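K.L.:
Sending over a structure as structure tokens; questions will come in a sec.
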Amino acid sequence: MFNAVLAAAAAATAVRHASAQPTPTPVIRVSFAEAIQRAQERNPTIAEAASGILRAEGLVQQARAAYRLQVSGSVVSTTLNRGVEFDGATVTPQSQLNAALTADMPILAAAAWARRAQAEDTKAVSELNLAEVKRQIAFATADAYLSILASRRVVETNILARDTAKAHFDLATALERGGTGSRLNAIRAQQQYSTDSGLVEVAQLALYRAQEALGVLIVADGPADAVEEPDFAAQAVAPAGTFSTTNLVRTDLRLFASQQHAAERVLRDSRKEWYPTVDAIFQPSTTYPAQFFLPQNSWRFLLQANIPIFDSGLRGSAKTQRRADVDQTTAALSRALIEANSQVRAAREAVASGERTLATARDAADQAQQVVDITNISFRAGAATNIEVIDAERVARNAGNAVAVAEDQLRRARLELLNALGRFP
């Protein structure tokens, strides 16, 4: 009876511990193309950049409205301390109400027309900025995707090393029990097994963090996992030639060029601020009660011209600032072109070096695994020591991790080459 009570209590405790464990978050599995698409459609950073286009469209509409018909109305109620009379007739009534409309149509407005073109340039810059933000988000998503592949490869390598160390530990323990082994050999094997088990935990945590990073980028409600190996080899073929002002295929280069073009237009349009402006104004009005010398209903038509003559250097200082903006955007474009060509050259070399490094790392990993197999056979035959087996396992594990690193470096080099060439995404 007492044993049954203890069993029931233990079962209840186990149930409580099981219910206290956090429920694992489901992992979303996405392909490479799907991850890029979801990031570009859902990432909040892109929504922030898209708001810039809406703001620029509002500026275009404001600039366009400045040289179109403007109609306004006014109502004025006037009360005097006393009215004015002459020969018994009211010349100016004590209370009077006046209503008027003013229709203003610019006929000549060079500066306003220029501001409309400048606003359209601003909108074009905003659209290119959105494209550049999408490219950056896509590149960050691809980087997170590749991190998952590399982390998974490290996990697999460490699991293989742990399983190999476990098999060696089991063998060393069996030999000790059979009287042909030693306690020292068993402890050494157990130490290697414990070390590899810890490395598996570290690698699995790194993999989970990479999955969480991808989930954040694609706006998923939890971690996201990579399900395929992206094929960059066929796309990462660098053509001959370099980037120039007539060869702007990258969105960032087009953005810099658009900013330069917009600044140059603003500078060119500075002279239009000195042009005269002409407005046609039509003003109908009505007054109640009518005055003695004025009709109740009337209208007038005006042609109003404004000619700038002297402004104490206001427009000249603005032009100096605009010239500085042109110089700044020109320098930014020049720097971006130099960096872009350097990135292409560096990425080409990184791909070639990565291919050679990966081939060498795979050969080293294969050779290290062969050493492990031979050393284990020799250990069973008594021709190798326990230390040699552990050392061979450690070298094989490190060689496997080196392959994972080399594969990741080659993937990233190919991705960087595509990005440098303006072919990604």
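In the structure tokens, chains take the letters A, B, ... in the order shown, each chain's residues start at 1, and ligands count up from 1 in the order shown.
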Please extract the residues of range 283-350 of chain A with a backbone DSSP assignment of alpha helix (DSSP H) and present them as number ranges by chain.
P.N.:
A: 314-350
K.L.:
Which neighbours of Ile387 in chain A fall inside 12 Å, counting only C-alpha atoms, when residues of the same chain fewer than 5 positions from it are skipped, and could you give them as a PyMOL selection string?
P.N.:
chain A and resi 168+172+184-189+191-192+372+375-376+379+392-394
K.L.:
Can those selected residues be exported to a file as a PDB file, in the first residue's frame so that it contains C-alpha atoms?
P.N.:
ATOM      1  CA  HIS A 168      34.658   4.834 -27.860  1.00  0.00           C
ATOM      2  CA  ALA A 172      36.611   1.552 -23.121  1.00  0.00           C
ATOM      3  CA  LEU A 184      42.186   5.813 -16.925  1.00  0.00           C
ATOM      4  CA  ASN A 185      41.241   4.977 -20.532  1.00  0.00           C
ATOM      5  CA  ALA A 186      37.556   4.914 -19.628  1.00  0.00           C
ATOM      6  CA  ILE A 187      37.733   8.290 -17.886  1.00  0.00           C
ATOM      7  CA  ARG A 188      39.602   9.842 -20.823  1.00  0.00           C
ATOM      8  CA  ALA A 189      36.954   8.555 -23.218  1.00  0.00           C
ATOM      9  CA  GLN A 191      35.833  13.250 -20.770  1.00  0.00           C
ATOM     10  CA  GLN A 192      35.912  13.483 -24.563  1.00  0.00           C
ATOM     11  CA  VAL A 372      39.672   7.843 -36.780  1.00  0.00           C
ATOM     12  CA  THR A 375      42.929   4.279 -35.006  1.00  0.00           C
ATOM     13  CA  ASN A 376      39.807   2.628 -33.632  1.00  0.00           C
ATOM     14  CA  PHE A 379      42.946   0.325 -30.548  1.00  0.00           C
ATOM     15  CA  ALA A 392      42.080  11.441 -33.790  1.00  0.00           C
ATOM     16  CA  GLU A 393      38.459  12.083 -32.839  1.00  0.00           C
ATOM     17  CA  ARG A 394      39.259  15.675 -31.848  1.00  0.00           C
TER      18      ARG A 394
END
K.L.:
Residues at most 12 Å from Glu34 in chain A, counting only C-alpha atoms, excluding those fewer than 5 positions away in the same chain, as a list of chain:residue names?
P.N.:
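Non-adjacent residues within range: A:Ile28, A:Arg29, A:Ala39, A:Gln40, A:Glu41, A:Arg42, A:Ala138, A:Thr141, A:Ala142, A:Tyr145, A:Leu214, A:Ile218, A:Ala224, A:Asp225, A:Ala226, A:Val227, A:Glu228, A:Pro230, A:Pro425.
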K.L.:
Between CA of Val154 in chain A and CA of Asn419 in chain A, what is the distance in Å, rounded to a tenth?
P.N.:
25.9 Å
K.L.:
Determine, counting only C-alpha atoms, which protein, DNA and RNA residues have an atom within 7 Å of an atom of Leu303 in chain A; residues of the same chain fewer than 6 positions away are not included. Present the result as number ranges by chain.
P.N.:
A: 278-281
K.L.:
Take the residues from that selection and write them out as a PDB file, in the first residue's frame, keeping N, CA and C atoms.
P.N.:
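The new file again_39.pdb reads:
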ATOM      1  N   VAL A 278       3.420  86.708 -62.695  1.00  0.00           N
ATOM      2  CA  VAL A 278       2.216  87.435 -63.114  1.00  0.00           C
ATOM      3  C   VAL A 278       1.003  86.613 -62.704  1.00  0.00           C
ATOM      4  N   ASP A 279       0.041  87.259 -62.022  1.00  0.00           N
ATOM      5  CA  ASP A 279      -1.183  86.606 -61.585  1.00  0.00           C
ATOM      6  C   ASP A 279      -2.386  87.357 -62.142  1.00  0.00           C
ATOM      7  N   ALA A 280      -3.379  86.584 -62.569  1.00  0.00           N
ATOM      8  CA  ALA A 280      -4.668  87.152 -62.977  1.00  0.00           C
ATOM      9  C   ALA A 280      -5.645  86.969 -61.822  1.00  0.00           C
ATOM     10  N   ILE A 281      -6.246  88.061 -61.361  1.00  0.00           N
ATOM     11  CA  ILE A 281      -7.100  88.030 -60.177  1.00  0.00           C
ATOM     12  C   ILE A 281      -8.479  88.582 -60.535  1.00  0.00           C
TER      13      ILE A 281
END
K.L.:
Taking only range 66-284 of chain A into account, list the residues labelled strand (DSSP E) by DSSP (computed from the backbone), as a PyMOL selection string.
P.N.:
chain A and resi 70-79+84-86+89-92+95-108+224-226+277-284
K.L.:
Between A:Ala420, A:Ala111, A:Leu160, A:Ala33, which has the minimum distance to Gly400 in chain A (counting only C-alpha atoms)?
P.N.:
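Between A:Ala420, A:Ala111, A:Leu160, A:Ala33, the residue approaching Gly400 in chain A most closely is A:Leu160.
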K.L.:
Nearest residue to Asn158 in chain A out of A:Pro26, A:Gly198, A:Pro284, A:Pro93, using only C-alpha atoms?
P.N.:
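Smallest distance to Asn158 in chain A is found for A:Gly198.
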K.L.:
Considering only C-alpha atoms, return as a PyMOL selection string whatever protein or nucleic-acid residues lie within 8 Å of range 327-331 of chain A, sequence-local ones (same chain, fewer than 6 positions apart) excluded.
P.N.:
chain A and resi 256-257+259-260+263
K.L.:
Restrict the selected residues to N, CA and C atoms and save them as a JSON list (two decimals), in the first residue's frame.
P.N.:
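New file part25.json:
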[["chain", "number", "residue", "atom", "x", "y", "z"],
["A", 256, "PHE", "N", 22.23, 57.17, -55.43],
["A", 256, "PHE", "CA", 23.20, 58.26, -55.34],
["A", 256, "PHE", "C", 23.12, 59.16, -56.58],
["A", 257, "ALA", "N", 22.98, 58.53, -57.76],
["A", 257, "ALA", "CA", 22.88, 59.31, -59.00],
["A", 257, "ALA", "C", 21.61, 60.15, -59.02],
["A", 259, "GLN", "N", 20.03, 61.34, -56.39],
["A", 259, "GLN", "CA", 20.23, 62.45, -55.45],
["A", 259, "GLN", "C", 21.09, 63.55, -56.08],
["A", 260, "GLN", "N", 22.11, 63.14, -56.84],
["A", 260, "GLN", "CA", 22.94, 64.13, -57.52],
["A", 260, "GLN", "C", 22.12, 64.90, -58.56],
["A", 263, "ALA", "N", 19.84, 67.41, -56.85],
["A", 263, "ALA", "CA", 20.58, 68.58, -56.34],
["A", 263, "ALA", "C", 20.99, 69.51, -57.48]]
K.L.:
If I take CA of Tyr193 in chain A and CA of Ala165 in chain A, how far is one from the other in Å, to one decimal?
P.N.:
4.9 Å
K.L.:
Which of these, A:Ser182, A:Asp104, A:Ala65, A:Leu130, has the shortest distance to Asn386 in chain A once you count only C-alpha atoms?
P.N.:
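Using only C-alpha atoms, Asn386 in chain A sits closest to A:Ser182.
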K.L.:
Env of Leu337 in chain A: 12 Å cut, atoms = only C-alpha atoms, seq-sep filter 4 positions within chain, self excluded. Answer as a compact mmCIF listing (two decimals) with N, CA and C atoms, in the first residue's frame.
P.N.:
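Saved result, part_7.txt, follows:
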# COMPACT_ATOMS: atom_id res chain seq x y z
N THR A 242 33.60 47.55 -65.48
CA THR A 242 33.41 48.14 -64.16
C THR A 242 32.20 49.05 -64.18
N PHE A 243 31.77 49.43 -62.98
CA PHE A 243 30.66 50.37 -62.87
C PHE A 243 31.14 51.78 -63.23
N SER A 244 30.27 52.54 -63.88
CA SER A 244 30.55 53.93 -64.21
C SER A 244 29.23 54.69 -64.15
N THR A 245 29.30 55.99 -64.43
CA THR A 245 28.08 56.81 -64.39
C THR A 245 27.07 56.41 -65.45
N THR A 246 27.50 55.64 -66.45
CA THR A 246 26.58 55.16 -67.49
C THR A 246 26.22 53.70 -67.29
N ASN A 247 26.73 53.09 -66.23
CA ASN A 247 26.47 51.68 -65.95
C ASN A 247 26.10 51.54 -64.48
N LEU A 248 24.89 51.94 -64.17
CA LEU A 248 24.43 51.94 -62.79
C LEU A 248 23.32 50.90 -62.64
N VAL A 249 23.70 49.66 -62.42
CA VAL A 249 22.71 48.60 -62.31
C VAL A 249 22.32 48.35 -60.86
N ARG A 250 23.12 48.80 -59.93
CA ARG A 250 22.81 48.60 -58.53
C ARG A 250 21.88 49.70 -58.02
N THR A 251 20.97 49.32 -57.13
CA THR A 251 19.99 50.30 -56.63
C THR A 251 20.66 51.40 -55.81
N ASP A 252 21.71 51.06 -55.06
CA ASP A 252 22.36 52.10 -54.27
C ASP A 252 23.06 53.12 -55.17
N LEU A 253 23.66 52.65 -56.28
CA LEU A 253 24.31 53.58 -57.21
C LEU A 253 23.27 54.46 -57.90
N ARG A 254 22.14 53.86 -58.28
CA ARG A 254 21.08 54.67 -58.89
C ARG A 254 20.51 55.68 -57.90
N LEU A 255 20.46 55.30 -56.63
CA LEU A 255 19.98 56.23 -55.61
C LEU A 255 20.93 57.43 -55.48
N PHE A 256 22.23 57.17 -55.43
CA PHE A 256 23.20 58.26 -55.34
C PHE A 256 23.12 59.16 -56.58
N ALA A 257 22.98 58.53 -57.76
CA ALA A 257 22.88 59.31 -59.00
C ALA A 257 21.61 60.15 -59.02
N THR A 330 27.79 64.64 -55.55
CA THR A 330 28.75 64.18 -56.56
C THR A 330 29.86 63.36 -55.92
N ALA A 331 30.36 63.84 -54.78
CA ALA A 331 31.39 63.09 -54.08
C ALA A 331 30.86 61.75 -53.56
N ALA A 332 29.61 61.74 -53.09
CA ALA A 332 29.02 60.49 -52.60
C ALA A 332 28.90 59.47 -53.73
N LEU A 333 28.48 59.92 -54.91
CA LEU A 333 28.37 59.01 -56.04
C LEU A 333 29.74 58.49 -56.47
N ASN A 341 33.12 48.97 -57.39
CA ASN A 341 34.10 48.24 -58.21
C ASN A 341 35.05 47.43 -57.33
N SER A 342 35.43 47.99 -56.18
CA SER A 342 36.29 47.25 -55.25
C SER A 342 35.56 46.03 -54.70
N GLN A 343 34.29 46.18 -54.38
CA GLN A 343 33.51 45.06 -53.86
C GLN A 343 33.41 43.92 -54.87
N VAL A 344 33.25 44.27 -56.14
CA VAL A 344 33.18 43.23 -57.18
C VAL A 344 34.51 42.48 -57.26
N ALA A 420 27.20 42.55 -55.10
CA ALA A 420 28.10 43.58 -55.65
C ALA A 420 27.80 43.86 -57.13
N LEU A 421 27.37 42.83 -57.85
CA LEU A 421 27.05 42.99 -59.26
C LEU A 421 25.66 43.58 -59.49
K.L.:
Would you kindly return, as a PyMOL selection string, each protein, DNA or RNA residue with an atom no farther than 12 Å from any atom of range 360-364 of chain A, considering only C-alpha atoms and excluding same-chain residues fewer than 4 positions away?
P.N.:
chain A and resi 353-356+368-371+395-407+409-410
K.L.:
Write the residues of the preceding selection, restricted to C-alpha atoms, as a PDB file, in the first residue's frame.
P.N.:
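Resulting contents of out16.pdb:
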ATOM      1  CA  SER A 353      39.663  31.444 -52.719  1.00  0.00           C
ATOM      2  CA  GLY A 354      36.580  29.933 -51.099  1.00  0.00           C
ATOM      3  CA  GLU A 355      36.362  27.196 -53.711  1.00  0.00           C
ATOM      4  CA  ARG A 356      39.999  26.248 -53.148  1.00  0.00           C
ATOM      5  CA  ALA A 368      40.794  12.832 -40.576  1.00  0.00           C
ATOM      6  CA  GLN A 369      37.831  10.441 -40.613  1.00  0.00           C
ATOM      7  CA  GLN A 370      40.009   7.737 -42.132  1.00  0.00           C
ATOM      8  CA  VAL A 371      42.502   8.269 -39.302  1.00  0.00           C
ATOM      9  CA  VAL A 395      41.075  16.317 -35.113  1.00  0.00           C
ATOM     10  CA  ALA A 396      38.181  14.830 -37.107  1.00  0.00           C
ATOM     11  CA  ARG A 397      35.691  17.032 -35.262  1.00  0.00           C
ATOM     12  CA  ASN A 398      37.734  20.159 -35.911  1.00  0.00           C
ATOM     13  CA  ALA A 399      38.158  19.179 -39.563  1.00  0.00           C
ATOM     14  CA  GLY A 400      34.406  18.738 -39.912  1.00  0.00           C
ATOM     15  CA  ASN A 401      33.792  22.152 -38.402  1.00  0.00           C
ATOM     16  CA  ALA A 402      36.382  23.586 -40.795  1.00  0.00           C
ATOM     17  CA  VAL A 403      34.352  22.195 -43.693  1.00  0.00           C
ATOM     18  CA  ALA A 404      31.239  23.881 -42.313  1.00  0.00           C
ATOM     19  CA  VAL A 405      33.116  27.172 -42.051  1.00  0.00           C
ATOM     20  CA  ALA A 406      34.531  26.830 -45.583  1.00  0.00           C
ATOM     21  CA  GLU A 407      31.088  26.034 -47.013  1.00  0.00           C
ATOM     22  CA  GLN A 409      32.406  31.329 -46.495  1.00  0.00           C
ATOM     23  CA  LEU A 410      31.930  30.157 -50.076  1.00  0.00           C
TER      24      LEU A 410
END
K.L.:
To one decimal place, how far is CA of Gly382 in chain A from CA of Ser194 in chain A in Å?
P.N.:
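Pair CA of Gly382 in chain A / CA of Ser194 in chain A returns 24.5 Å.
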K.L.:
Return the single residue from A:Gly181, A:Leu294, A:Ser151, A:Arg348 that is closest to Ala206 in chain A, with distances computed using only C-alpha atoms.
P.N.:
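Of A:Gly181, A:Leu294, A:Ser151, A:Arg348, the one nearest Ala206 in chain A is A:Ser151, counting only C-alpha atoms.
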K.L.:
With only C-alpha atoms as the basis for distance, which of A:Val216, A:Ile107, A:Leu128, A:Ala290 is at the shortest distance from Ser258 in chain A?
P.N.:
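Nearest candidate to Ser258 in chain A out of A:Val216, A:Ile107, A:Leu128, A:Ala290: A:Leu128.
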K.L.:
Between A:Gln321, A:Asn297, A:Thr173, A:Gln304, which has the minimum distance to Ala99 in chain A (counting only C-alpha atoms)?
P.N.:
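With only C-alpha atoms as the atom set, the closest residue is A:Asn297.
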